[in-house]
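Chemist: I have a structure I would like to understand better, so I am pasting it below and will then ask my questions one at a time.
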Amino acid sequence: MEIIAIILLILLVGSFLTYFVDSFNKKWTGTTAFLIVLITAGIFFTKIKSGYQFNFQLAGLDLQWGLTDYSYYFVYIILGLSVLALLYSIKYMEGKARLGYFYGSFILTVLGMLGVVISQDFVSLFFFWEIMTWASFLLVIYNAYYKIKTKGIKYMIFSAVGAYAMFTAIVFIHVHYDTLLISEAIAKGAFNFEQYIYIPIFLLLGFGIKAAVMPFHVWAPPAYAKSPMSFTTIFSGAMSKMGVFGIGLVFTSFYLSSNPENFFWVRTILGWMGGITAVMGTIYALIQTDAKKLLAYSSVAQLGYIIVGLSTGTQLGVMAALYLAVIHAVFKGALFMVAGAVEKQAGTTDMTQISGLIRKMPYTFVVALVSIIALAGVPPLGGFVGKWLLYEALITESNNYILVVVVFFSSTAAFMYSYRFLFGLFLGQEEKETEHVKEAPATMIIPMIILAIIATVAGAYPGLIFEPAAKAMQAIGFQDVTWQMSSLTNVWGDTTDLFLIAMLIFAVFIISFVFLTLKGLKKTRYVGTKDISTSGELPKEWENLTFQLDFFKPFERAAAPLYKMDMNKIWKDLGKNLEAFFGFFRKIYTGNGQTYALYIVIFLVVLLLFRDVLFS
Amino acid sequence: MEGIFIKILGAFLTAILAFVVGMLYGGLRRKVIARAQNRVGPPIHQNFLDLMKLQAKRTNIAHGFMGHMAPVWIIIAAMTVLMFIPILHGNLWFENLTMKGDLIFLLYMMVFGSLGMALGAGQSGNPNSAMGVSRGLAQLVGFEIPFFLALIALMIQFNTTSIAVLMDHQEATGRWIIVDNPFAFIAALLASLGMFRYAPFDIVGAPAELASGPRSEFGGKYLGTMMTGGAVFAFIKLVMYVDLFLGGAGNNNLEGLAGTALGLVELLVKTFLLYMIPVFIGLVTPRFRTEQAIQFFWKWPTFFGILAIVWALYKNGTIG
């Protein structure tokens with residue numbers, strides 16, 4: 001039996017096995033799930049190399065599974081993050097209900113994602129895409145088991161629309177090009193906007209909805225925030241990347257096969273969709289009071305950057321997108337884990353309820369700090385590299401000067417929600433209500449720390465990610481992708497030496513830490529957050545000095561026009577209009593037998609009257 | 001070996017120069033403000049005295065680990081950015097790491113210190129500090145937009161993202177970029193008003209309103225370090241503007257010490273004149289509200305920034 005089939009079978013059987021383990025002993029469910037995915041990852045990375053292929057026939061269809069460097073790049077994200085998320089999940093989900101349901105769907109989701117990237121024909125792609133979507137839908141409604149109708153409905157509707165769009169495109173590809181293999185479709189130019197424009201548009205719609213691109217992003221924030229955090233880690237970190245995977249495949253093959261001048265509009269529209277996604281995601285993230293919601297909107301924004309990078313279609317831009325895809329999975333995975341740890345230990349992630357956890361959860365805070373620095377794109381951590389590549393690609397290669405300002409605006413405004421996240425959960429006044437909070441258990445901390453270390457190392461040695469990314473780009477048609485281990489160079493020859501920067505920062509850090517902080521730590525004693533100088537008055541114990549509500553009110557006032565655009569409202573209006581429209585058609589079915597008899601009579605009369613036209 | 005020695009010594013020289021000039025300019029500003037208000041004012045070296053006093057103090061209480069780290073972040077940011085900014089053009093002693101990082105890196109590195117300090121201020125639990133940070137971040141989003149527009153205009157006009165190459169270009173043509181792209185200079189200058197945080201944009205510290213904002217819980221050595229960092233940063237911003245728009249300094253043909261000295265004098269004159277712009281504006285204006293400050297930057301400065309890009313494209317031959 002083929003090794004890839006065995007791997008998928010392990011996951012499938014493992015999914016059911018976990019479900020049954022739960023009925024016997026709830027303690028072992030999480031561990032079983034973790035081990036199953038760990039074993040799968042082990043077998044996958046040792047046995048399967050890039051270039052692997054497996055052809056077989058099913059129901060008269062030629063199916064092809066295999067791995068190019070491009071799909072292998074995404075496997076790193078999927079399996080790497082899933083293993084860490086499941087390790088984290090063991091303690092995070094402990095004591096919760098319906099563990100079998102949770103872990104079973106979790107493993108099915110991993111199976112779906114893995115299937116999507118190994119599919120080299122459209123039939124299996126669609127099949128696995130649906131497995132992934134439905135399994136993840138079960139997880140989205142996990143916390144709202146009895147309120148399915150209100151909670152998961154947006155995700156389901158958008159996923160369904162995306163799936164139909166993708167299916168339509170697949171059917172059209174089969175009709176027009178007589179193939180179901182992705183590589184053949186690319187060779188025949190199926191993704192070309194010039195021939196049958198609806199094929200790439202439908203495909204981009206299907207993938208774009210999964211990547212939560214504006215204006216189809218409305219499902220994402222509630223779905224990310226409502227799911228259990230250990231799942232949101234891969235939901236936002238890995239599954240949204242499946243959309244990126246598809247868009248990258250479709251768009252790049254089109255870009256490379258066509259004359260770049262011909263597709264100015266395609267490039268511009270896709271780029272601006274990404275740019276607007278980034279801005280709207282960011283400005284909505286910074287007014288959230290729930291840390292989970294904040295991260296969810298931030299995910300939407302970060303995916304916007306990736307789409308912008310892909311939309312350039314140039315070497316540096318696609319490199320930026322692929323790099324950001326990994327680094328976003330890393331730091332956002334860590335951040336969702338942080339949010340989950342806080343939720344588990346303190347009971348809520350509402351920033352108006354809790355604050356000042358830094359002394360109670362120091363390790364979690366350090367991870368949050370590192371990941372937030374990476375998210376904000378401040379050197380010397382990994383996030384900066386992605387930002388640098390993206391800006392330089394837009395400025396030097398694709399000449400999109402206004403879009404780069406839009407992206408820059410979003411990434412500067414991201415400082416605000418970055419700070420809000422750290423301040424809201426960890427800094428600020430220490431409250432009586434959070435006195436009982438303890439540090440999260442070790443199995444939750446370890447995966448977070450691993451991710452934080454990756455984000456740190458990527459800042460000095462981004463080449464570790466560039467290497468597979470460059471291979472991936474060569475697999476989808478780029479030639480001679482250049483990269484360096486620890487420095488960045490644009491087409492004008494300007495370099496940024498990251499290793500040097502990291503070393504300099506580290507050296508200054510050590511010196512000032514030893515001579516300033518260590519002394520300070522030794523010679524001072526800690527006083528509570530109530531012992532502060534409020535204009536010479538000592539605040540009383542009962543005085544409330546917490547500042548959490550309306551944190552960025554001045555910015556909200558300044559940017560008020562931006563907040564008026566609410567995509568949710570537009571979709572709701574559309575829904576209402578559609579309802580009215582279909583309501584009109586429903587009137588045909590009166591429920592009265594006589595009306596139906598009349599319809600039959602009218603039908604027969606029409607047939608008789610036009611029989612010459614119809615049956616000639 | 002000798003090269004490394006010169007590098008290390010040069011780095012020290014740069015740091016000392018930045019510190020002394022920055023502190024003196026701070027004192028000068030106090031003097032100028034005092035004279036304008038018809039007071040005698042403190043002596044120019046008052047900031048050094050203040051620093052000595054602060055460094056001599058002993059701190060007994062602390063507000064947690066991030067509070068201890070705040071001055072460290074500021075030193076890191078100040079030293080790192082200083083090493084990547086060309087002080088004198090082509091001078092061996094002040095070469096540092098100028099070719100190793102470009103403008104986008106500098107743009108991001110410059111916020112590092114403020115963000116670190118914001119974290120320290122946040123842990124203190126003082127609501128005034130948090131309010132100051134909230135305002136500061138909002139204002140950052142305001143003034144970074146025109147500044148970034150101006151930088152992009154320079155980048156596309158001269159096809160480089162490196163500050164050192166821009167200086168080379170100005171020396172080679174003998175024409176300052178303020179002439180080549182005046183709109184970029186206007187946009188950047190207006191943005192610099194926000195960067196310096198003097199009135200009307202002193203909403204972060206906001207005396208008599210936020211009780212010095214993020215700094216309110218720091219004292220003694222930490223406050224002294226922050227003051228030093230602030231002075232160095234003032235110098236960095238001024239030198240950066242001189243490098244970008246006013247031709248840089250040290251473009252003389254004199255060899256050795258005389259050339260360096262002349263270059264330094266040139267640098268001092270240019271930076272001083274530039275520094276007086278935000279100082280004088282600060283003298284005669286009251287304070288904006290935060291949203292007014294942000295909206296100010298999104299109006300005229302952004303307009304000039306976009307104009308600068310159009311101008312750059314026109315000069316570049318892309319349009320027109």
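So you can find residues: chains in the structure tokens are A, B, ... in the order shown, residues in each start at 1, and ligands are numbered from 1 in order.
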With a distance cut-off of 10 Å and only C-alpha atoms, select the neighbouring residues of region 171-183 of chain B, excluding the residue or stretch itself and same-chain residues fewer than 3 positions from it, and output the selection as a PDB file with N, CA and C atoms, in the first residue's frame.

Modeler:
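Saved to result.pdb:
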```
ATOM      1  N   HIS B  89      29.546  62.382   6.039  1.00  0.00           N
ATOM      2  CA  HIS B  89      29.612  61.619   4.799  1.00  0.00           C
ATOM      3  C   HIS B  89      31.028  61.127   4.531  1.00  0.00           C
ATOM      4  N   ALA B 150       6.969  60.569   2.302  1.00  0.00           N
ATOM      5  CA  ALA B 150       8.154  61.316   1.886  1.00  0.00           C
ATOM      6  C   ALA B 150       9.308  60.365   1.585  1.00  0.00           C
ATOM      7  N   ALA B 153       8.816  58.677  -1.665  1.00  0.00           N
ATOM      8  CA  ALA B 153       9.109  59.588  -2.765  1.00  0.00           C
ATOM      9  C   ALA B 153      10.609  59.599  -3.043  1.00  0.00           C
ATOM     10  N   LEU B 154      11.410  59.674  -1.980  1.00  0.00           N
ATOM     11  CA  LEU B 154      12.867  59.660  -2.184  1.00  0.00           C
ATOM     12  C   LEU B 154      13.315  58.342  -2.793  1.00  0.00           C
ATOM     13  N   GLN B 157      12.417  58.176  -6.421  1.00  0.00           N
ATOM     14  CA  GLN B 157      13.079  59.170  -7.257  1.00  0.00           C
ATOM     15  C   GLN B 157      14.534  58.801  -7.502  1.00  0.00           C
ATOM     16  N   PHE B 158      15.171  58.218  -6.494  1.00  0.00           N
ATOM     17  CA  PHE B 158      16.603  57.942  -6.624  1.00  0.00           C
ATOM     18  C   PHE B 158      16.912  56.453  -6.667  1.00  0.00           C
ATOM     19  N   VAL B 165      23.368  55.839   0.265  1.00  0.00           N
ATOM     20  CA  VAL B 165      23.374  56.066  -1.179  1.00  0.00           C
ATOM     21  C   VAL B 165      22.733  57.413  -1.510  1.00  0.00           C
ATOM     22  N   LEU B 166      21.693  57.776  -0.771  1.00  0.00           N
ATOM     23  CA  LEU B 166      21.076  59.091  -0.988  1.00  0.00           C
ATOM     24  C   LEU B 166      22.078  60.200  -0.734  1.00  0.00           C
ATOM     25  N   MET B 167      22.905  60.026   0.305  1.00  0.00           N
ATOM     26  CA  MET B 167      23.927  61.039   0.590  1.00  0.00           C
ATOM     27  C   MET B 167      24.960  61.097  -0.522  1.00  0.00           C
ATOM     28  N   ASP B 168      25.376  59.916  -0.999  1.00  0.00           N
ATOM     29  CA  ASP B 168      26.324  59.874  -2.118  1.00  0.00           C
ATOM     30  C   ASP B 168      25.773  60.647  -3.304  1.00  0.00           C
ATOM     31  N   ILE B 186       8.785  69.028   2.760  1.00  0.00           N
ATOM     32  CA  ILE B 186       7.683  69.650   3.522  1.00  0.00           C
ATOM     33  C   ILE B 186       6.919  68.594   4.303  1.00  0.00           C
ATOM     34  N   ALA B 187       6.590  67.487   3.619  1.00  0.00           N
ATOM     35  CA  ALA B 187       5.836  66.425   4.297  1.00  0.00           C
ATOM     36  C   ALA B 187       6.625  65.892   5.485  1.00  0.00           C
ATOM     37  N   ALA B 188       7.911  65.638   5.266  1.00  0.00           N
ATOM     38  CA  ALA B 188       8.728  65.077   6.339  1.00  0.00           C
ATOM     39  C   ALA B 188       8.889  66.069   7.480  1.00  0.00           C
ATOM     40  N   LEU B 189       9.016  67.350   7.120  1.00  0.00           N
ATOM     41  CA  LEU B 189       9.191  68.364   8.165  1.00  0.00           C
ATOM     42  C   LEU B 189       7.940  68.461   9.030  1.00  0.00           C
ATOM     43  N   VAL B 242      18.966  65.907   8.080  1.00  0.00           N
ATOM     44  CA  VAL B 242      20.039  66.582   7.359  1.00  0.00           C
ATOM     45  C   VAL B 242      20.595  65.664   6.279  1.00  0.00           C
ATOM     46  N   ASP B 243      20.780  64.388   6.625  1.00  0.00           N
ATOM     47  CA  ASP B 243      21.292  63.429   5.645  1.00  0.00           C
ATOM     48  C   ASP B 243      20.356  63.287   4.456  1.00  0.00           C
ATOM     49  N   LEU B 244      19.066  63.241   4.756  1.00  0.00           N
ATOM     50  CA  LEU B 244      18.108  62.948   3.691  1.00  0.00           C
ATOM     51  C   LEU B 244      17.863  64.154   2.795  1.00  0.00           C
ATOM     52  N   PHE B 245      17.731  65.329   3.419  1.00  0.00           N
ATOM     53  CA  PHE B 245      17.252  66.461   2.622  1.00  0.00           C
ATOM     54  C   PHE B 245      18.268  67.575   2.459  1.00  0.00           C
ATOM     55  N   LEU B 246      19.161  67.740   3.420  1.00  0.00           N
ATOM     56  CA  LEU B 246      20.034  68.914   3.398  1.00  0.00           C
ATOM     57  C   LEU B 246      21.461  68.557   3.013  1.00  0.00           C
ATOM     58  N   GLY B 247      21.632  67.482   2.280  1.00  0.00           N
ATOM     59  CA  GLY B 247      22.945  67.179   1.731  1.00  0.00           C
ATOM     60  C   GLY B 247      23.908  66.521   2.685  1.00  0.00           C
ATOM     61  N   GLY B 248      23.500  66.270   3.904  1.00  0.00           N
ATOM     62  CA  GLY B 248      24.418  65.665   4.860  1.00  0.00           C
ATOM     63  C   GLY B 248      25.519  66.633   5.235  1.00  0.00           C
ATOM     64  N   ALA B 249      26.481  66.124   5.962  1.00  0.00           N
ATOM     65  CA  ALA B 249      27.592  66.983   6.362  1.00  0.00           C
ATOM     66  C   ALA B 249      28.894  66.265   6.059  1.00  0.00           C
ATOM     67  N   GLY B 250      29.973  67.040   5.981  1.00  0.00           N
ATOM     68  CA  GLY B 250      31.295  66.448   5.786  1.00  0.00           C
ATOM     69  C   GLY B 250      31.668  66.263   4.332  1.00  0.00           C
ATOM     70  N   ASN B 251      30.959  66.979   3.434  1.00  0.00           N
ATOM     71  CA  ASN B 251      31.309  66.845   2.021  1.00  0.00           C
ATOM     72  C   ASN B 251      32.419  67.820   1.648  1.00  0.00           C
ATOM     73  N   ASN B 252      33.480  67.877   2.428  1.00  0.00           N
ATOM     74  CA  ASN B 252      34.557  68.791   2.062  1.00  0.00           C
ATOM     75  C   ASN B 252      35.779  68.006   1.629  1.00  0.00           C
ATOM     76  N   PRO B 301      -0.010  67.405   5.614  1.00  0.00           N
ATOM     77  CA  PRO B 301       1.240  66.646   5.441  1.00  0.00           C
ATOM     78  C   PRO B 301       1.068  65.463   4.494  1.00  0.00           C
ATOM     79  N   PHE B 303      -1.138  65.214   2.133  1.00  0.00           N
ATOM     80  CA  PHE B 303      -1.294  65.777   0.792  1.00  0.00           C
ATOM     81  C   PHE B 303       0.070  66.061   0.173  1.00  0.00           C
ATOM     82  N   PHE B 304       0.952  66.713   0.959  1.00  0.00           N
ATOM     83  CA  PHE B 304       2.286  67.013   0.436  1.00  0.00           C
ATOM     84  C   PHE B 304       3.065  65.734   0.167  1.00  0.00           C
ATOM     85  N   GLY B 305       2.834  64.715   1.006  1.00  0.00           N
ATOM     86  CA  GLY B 305       3.507  63.446   0.783  1.00  0.00           C
ATOM     87  C   GLY B 305       3.110  62.834  -0.555  1.00  0.00           C
ATOM     88  N   ILE B 306       1.801  62.860  -0.841  1.00  0.00           N
ATOM     89  CA  ILE B 306       1.348  62.302  -2.116  1.00  0.00           C
ATOM     90  C   ILE B 306       1.882  63.130  -3.277  1.00  0.00           C
ATOM     91  N   LEU B 307       1.901  64.463  -3.055  1.00  0.00           N
ATOM     92  CA  LEU B 307       2.461  65.357  -4.072  1.00  0.00           C
ATOM     93  C   LEU B 307       3.920  65.010  -4.321  1.00  0.00           C
ATOM     94  N   ALA B 308       4.627  64.686  -3.237  1.00  0.00           N
ATOM     95  CA  ALA B 308       6.041  64.337  -3.369  1.00  0.00           C
ATOM     96  C   ALA B 308       6.207  63.094  -4.227  1.00  0.00           C
ATOM     97  N   ILE B 309       5.297  62.129  -4.038  1.00  0.00           N
ATOM     98  CA  ILE B 309       5.406  60.900  -4.845  1.00  0.00           C
ATOM     99  C   ILE B 309       5.136  61.207  -6.309  1.00  0.00           C
ATOM    100  N   VAL B 310       4.092  62.025  -6.537  1.00  0.00           N
ATOM    101  CA  VAL B 310       3.786  62.391  -7.920  1.00  0.00           C
ATOM    102  C   VAL B 310       4.979  63.109  -8.543  1.00  0.00           C
ATOM    103  N   TRP B 311       5.559  64.030  -7.770  1.00  0.00           N
ATOM    104  CA  TRP B 311       6.730  64.784  -8.235  1.00  0.00           C
ATOM    105  C   TRP B 311       7.887  63.834  -8.557  1.00  0.00           C
ATOM    106  N   ALA B 312       8.086  62.857  -7.664  1.00  0.00           N
ATOM    107  CA  ALA B 312       9.170  61.904  -7.864  1.00  0.00           C
ATOM    108  C   ALA B 312       8.944  61.098  -9.137  1.00  0.00           C
ATOM    109  N   LYS B 315       9.687  63.351 -12.065  1.00  0.00           N
ATOM    110  CA  LYS B 315      11.124  63.542 -12.245  1.00  0.00           C
ATOM    111  C   LYS B 315      11.780  62.274 -12.756  1.00  0.00           C
TER     112      LYS B 315
END
```

Chemist: Compile the residues of chain B that lie within 7 Å of chain A, evaluated using only C-alpha atoms, and express the compilation as an MDAnalysis selection string.

Modeler: chainID B and resid 59:64 68:69 72 76 80 100:102 104 108:109 112 122:127 134 137:138 141 145 149 159:162 211 217 290:291 294:295

Chemist: As a PyMOL selection string, please: every residue in region 269-444 of chain A that DSSP puts in helix (DSSP H, G or I).

Modeler: chain A and resi 269-285+291-312+315-346+362-376+382-397+401-425+432-434+442-444

Chemist: Could you give me, as JSON lines, every region 55-139 of chain A residue with an atom at most 9 Å from region 439-450 of chain A, plus its closest atom pair and distance in Å to one decimal, counting only C-alpha atoms, rows ordered by chain then number?

Modeler:
```
{"residue": "A:Val83", "atom": "CA", "partner": "A:Pro447", "partner_atom": "CA", "distance": 8.9}
{"residue": "A:Leu84", "atom": "CA", "partner": "A:Pro447", "partner_atom": "CA", "distance": 5.3}
{"residue": "A:Ala85", "atom": "CA", "partner": "A:Pro447", "partner_atom": "CA", "distance": 7.3}
{"residue": "A:Leu87", "atom": "CA", "partner": "A:Thr443", "partner_atom": "CA", "distance": 6.5}
{"residue": "A:Tyr88", "atom": "CA", "partner": "A:Met444", "partner_atom": "CA", "distance": 4.5}
{"residue": "A:Ser89", "atom": "CA", "partner": "A:Met444", "partner_atom": "CA", "distance": 7.4}
{"residue": "A:Ile90", "atom": "CA", "partner": "A:Thr443", "partner_atom": "CA", "distance": 7.6}
{"residue": "A:Lys91", "atom": "CA", "partner": "A:Met444", "partner_atom": "CA", "distance": 6.6}
{"residue": "A:Tyr92", "atom": "CA", "partner": "A:Met444", "partner_atom": "CA", "distance": 7.1}
```

Chemist: Could you write out that same residue set with N, CA and C atoms as a PDB file, in the first residue's frame?

Modeler:
```pdb
ATOM      1  N   VAL A  83       0.872  19.455  15.564  1.00  0.00           N
ATOM      2  CA  VAL A  83       1.490  18.710  16.662  1.00  0.00           C
ATOM      3  C   VAL A  83       1.571  19.600  17.902  1.00  0.00           C
ATOM      4  N   LEU A  84       2.056  20.827  17.708  1.00  0.00           N
ATOM      5  CA  LEU A  84       2.175  21.726  18.862  1.00  0.00           C
ATOM      6  C   LEU A  84       0.806  22.054  19.443  1.00  0.00           C
ATOM      7  N   ALA A  85      -0.171  22.288  18.565  1.00  0.00           N
ATOM      8  CA  ALA A  85      -1.509  22.647  19.048  1.00  0.00           C
ATOM      9  C   ALA A  85      -2.125  21.506  19.830  1.00  0.00           C
ATOM     10  N   LEU A  87      -0.424  19.120  21.467  1.00  0.00           N
ATOM     11  CA  LEU A  87       0.272  19.024  22.752  1.00  0.00           C
ATOM     12  C   LEU A  87      -0.302  20.038  23.735  1.00  0.00           C
ATOM     13  N   TYR A  88      -0.511  21.235  23.211  1.00  0.00           N
ATOM     14  CA  TYR A  88      -1.089  22.305  24.029  1.00  0.00           C
ATOM     15  C   TYR A  88      -2.500  21.935  24.480  1.00  0.00           C
ATOM     16  N   SER A  89      -3.203  21.266  23.569  1.00  0.00           N
ATOM     17  CA  SER A  89      -4.613  20.980  23.785  1.00  0.00           C
ATOM     18  C   SER A  89      -4.854  20.029  24.954  1.00  0.00           C
ATOM     19  N   ILE A  90      -3.871  19.150  25.226  1.00  0.00           N
ATOM     20  CA  ILE A  90      -4.092  18.115  26.255  1.00  0.00           C
ATOM     21  C   ILE A  90      -4.549  18.752  27.556  1.00  0.00           C
ATOM     22  N   LYS A  91      -3.794  19.749  28.010  1.00  0.00           N
ATOM     23  CA  LYS A  91      -4.163  20.383  29.274  1.00  0.00           C
ATOM     24  C   LYS A  91      -5.254  21.431  29.091  1.00  0.00           C
ATOM     25  N   TYR A  92      -5.227  22.076  27.926  1.00  0.00           N
ATOM     26  CA  TYR A  92      -6.194  23.153  27.709  1.00  0.00           C
ATOM     27  C   TYR A  92      -7.622  22.611  27.723  1.00  0.00           C
TER      28      TYR A  92
END
```

Chemist: Which neighbours of region 474-476 of chain A fall inside 9 Å, counting only C-alpha atoms, when residues of the same chain fewer than 2 positions from it are skipped, and could you give them as a PDB file with C-alpha atoms, in the first residue's frame?

Modeler:
```pdb
ATOM      1  CA  THR A  68       5.883  19.301  -4.902  1.00  0.00           C
ATOM      2  CA  ASP A  69       8.200  21.617  -3.006  1.00  0.00           C
ATOM      3  CA  TYR A  70       5.334  24.074  -2.954  1.00  0.00           C
ATOM      4  CA  SER A  71       2.917  21.774  -1.187  1.00  0.00           C
ATOM      5  CA  GLY A 248      -0.677  31.356  -4.812  1.00  0.00           C
ATOM      6  CA  LEU A 249      -1.086  28.429  -7.176  1.00  0.00           C
ATOM      7  CA  THR A 252       1.304  32.749  -9.842  1.00  0.00           C
ATOM      8  CA  SER A 253       0.726  30.319 -12.664  1.00  0.00           C
ATOM      9  CA  ALA A 469      10.261  28.996   0.396  1.00  0.00           C
ATOM     10  CA  ALA A 470      12.665  29.445  -2.500  1.00  0.00           C
ATOM     11  CA  LYS A 471      12.263  25.782  -3.417  1.00  0.00           C
ATOM     12  CA  ALA A 472       8.498  26.198  -3.235  1.00  0.00           C
ATOM     13  CA  PHE A 478       9.867  31.069 -10.586  1.00  0.00           C
ATOM     14  CA  GLN A 479      13.414  30.817 -11.793  1.00  0.00           C
ATOM     15  CA  ASP A 480      16.627  31.433  -9.888  1.00  0.00           C
ATOM     16  CA  VAL A 481      15.137  32.546  -6.618  1.00  0.00           C
TER      17      VAL A 481
END
```

Chemist: Work out how far apart CA of Asn192 (chain A) and CA of Asp121 (chain A) are and give it in Å to one decimal.

Modeler: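 Calculated distance between CA of Asn192 (chain A) and CA of Asp121 (chain A) is 17.8 Å.
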
Chemist: What does the structure give for the distance between CA of Arg58 (chain B) and CA of Thr225 (chain B), in Å to one decimal?

Modeler: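 Between these atoms lies a distance of 13.6 Å.
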
Chemist: Name the residues in contact with region 454-464 of chain A at a cut-off of 7 Å, using only C-alpha atoms, excluding same-chain residues fewer than 3 positions from it; report them as a list in words.

Modeler: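 The residues satisfying every condition are Ile327, Val330, Phe331, Ala374, Pro380, Leu381, Gly382, Val385, Ile450, Leu451, Glu467, Trp483, Gln484, Met485, Ser486, Leu498, Phe499 and Ala502 of chain A.
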
Chemist: Could you tell me how far CA of Met132 (chain A) lies from CA of Met113 (chain A), in Å and to one decimal?

Modeler: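 CA of Met132 (chain A) sits 5.9 Å away from CA of Met113 (chain A).
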
Chemist: Please provide as a ChimeraX atom specification all residues within 12 Å of Val110 (chain A), with the sequence filter that same-chain residues fewer than 2 positions apart are discarded (counting only C-alpha atoms).

Modeler: /A:7-8,10-12,14-15,33-34,36-38,40-41,75,77-83,85-86,103-108,112-117,128-129,131-136,231,234-235,238-239,242

Chemist: Using C-alpha atoms, can you write the selected residues to a file as an mmCIF file, in the first residue's frame?

Modeler:
```
data_model
loop_
_atom_site.group_PDB
_atom_site.id
_atom_site.type_symbol
_atom_site.label_atom_id
_atom_site.label_comp_id
_atom_site.auth_asym_id
_atom_site.auth_seq_id
_atom_site.Cartn_x
_atom_site.Cartn_y
_atom_site.Cartn_z
ATOM 1 C CA ILE A 7 -0.757 8.198 6.400
ATOM 2 C CA LEU A 8 -4.244 9.363 5.511
ATOM 3 C CA ILE A 10 -3.812 6.518 10.118
ATOM 4 C CA LEU A 11 -5.417 9.917 10.495
ATOM 5 C CA LEU A 12 -8.857 8.653 9.544
ATOM 6 C CA GLY A 14 -7.075 7.778 14.490
ATOM 7 C CA SER A 15 -9.964 10.187 14.360
ATOM 8 C CA ALA A 33 -4.858 12.488 19.519
ATOM 9 C CA PHE A 34 -1.460 14.079 20.090
ATOM 10 C CA ILE A 36 -1.585 9.980 16.416
ATOM 11 C CA VAL A 37 -0.700 13.285 14.782
ATOM 12 C CA LEU A 38 2.873 13.094 16.088
ATOM 13 C CA THR A 40 1.753 10.853 11.314
ATOM 14 C CA ALA A 41 4.127 13.798 11.192
ATOM 15 C CA VAL A 75 2.892 20.612 5.054
ATOM 16 C CA ILE A 77 2.951 24.588 8.588
ATOM 17 C CA ILE A 78 0.097 22.085 8.870
ATOM 18 C CA LEU A 79 1.800 19.221 10.647
ATOM 19 C CA GLY A 80 4.233 21.327 12.666
ATOM 20 C CA LEU A 81 1.527 23.542 14.046
ATOM 21 C CA SER A 82 -0.950 20.705 14.531
ATOM 22 C CA VAL A 83 1.490 18.710 16.662
ATOM 23 C CA ALA A 85 -1.509 22.647 19.048
ATOM 24 C CA LEU A 86 -2.447 19.128 20.110
ATOM 25 C CA TYR A 103 -10.357 15.567 19.029
ATOM 26 C CA GLY A 104 -12.034 13.449 16.383
ATOM 27 C CA SER A 105 -12.960 16.542 14.393
ATOM 28 C CA PHE A 106 -9.532 18.006 15.057
ATOM 29 C CA ILE A 107 -7.753 15.051 13.485
ATOM 30 C CA LEU A 108 -10.218 15.030 10.611
ATOM 31 C CA GLY A 112 -8.458 17.485 5.315
ATOM 32 C CA MET A 113 -5.680 20.058 5.235
ATOM 33 C CA LEU A 114 -3.047 17.474 4.478
ATOM 34 C CA GLY A 115 -5.266 16.118 1.721
ATOM 35 C CA VAL A 116 -5.717 19.549 0.176
ATOM 36 C CA VAL A 117 -2.006 20.111 -0.241
ATOM 37 C CA PHE A 128 -10.449 17.062 0.983
ATOM 38 C CA TRP A 129 -11.462 20.706 0.951
ATOM 39 C CA ILE A 131 -13.635 17.308 4.718
ATOM 40 C CA MET A 132 -11.542 20.162 6.072
ATOM 41 C CA THR A 133 -14.430 22.625 5.986
ATOM 42 C CA TRP A 134 -16.983 20.356 7.597
ATOM 43 C CA ALA A 135 -14.660 19.020 10.263
ATOM 44 C CA SER A 136 -13.653 22.549 11.159
ATOM 45 C CA PHE A 231 -8.079 24.756 17.532
ATOM 46 C CA ILE A 234 -4.372 25.907 13.497
ATOM 47 C CA PHE A 235 -7.624 27.424 12.247
ATOM 48 C CA ALA A 238 -2.728 26.722 9.126
ATOM 49 C CA MET A 239 -6.202 26.455 7.646
ATOM 50 C CA MET A 242 -4.976 26.738 2.527
#
```

Chemist: May I have the residues within 10 Å of Asp62 (chain A) as a PyMOL selection string, using only C-alpha atoms and disregarding those fewer than 2 positions away in the same chain?

Modeler: chain A and resi 55-60+64+121+123+179-181

Chemist: Please identify all polymer residues within 8 Å of Ile85 (chain B), counting only C-alpha atoms, omitting same-chain residues fewer than 4 positions from it, and present them as a VMD selection string.

Modeler: chain B and resid 81 97 to 98 163 236 239 to 240

Chemist: Between B:Phe233, B:Trp300, B:Tyr222, B:Phe12, which residue has the minimum interatomic distance to Ser114 (chain B), considering only C-alpha atoms?

Modeler: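 Result for the nearest residue to Ser114 (chain B): B:Phe233.
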
Chemist: Between B:Leu9, B:Ile33, B:Val232, B:Leu106, which has the minimum distance to Met79 (chain B) (counting only C-alpha atoms)?

Modeler: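 Using only C-alpha atoms, the shortest distance to Met79 (chain B) belongs to B:Val232.
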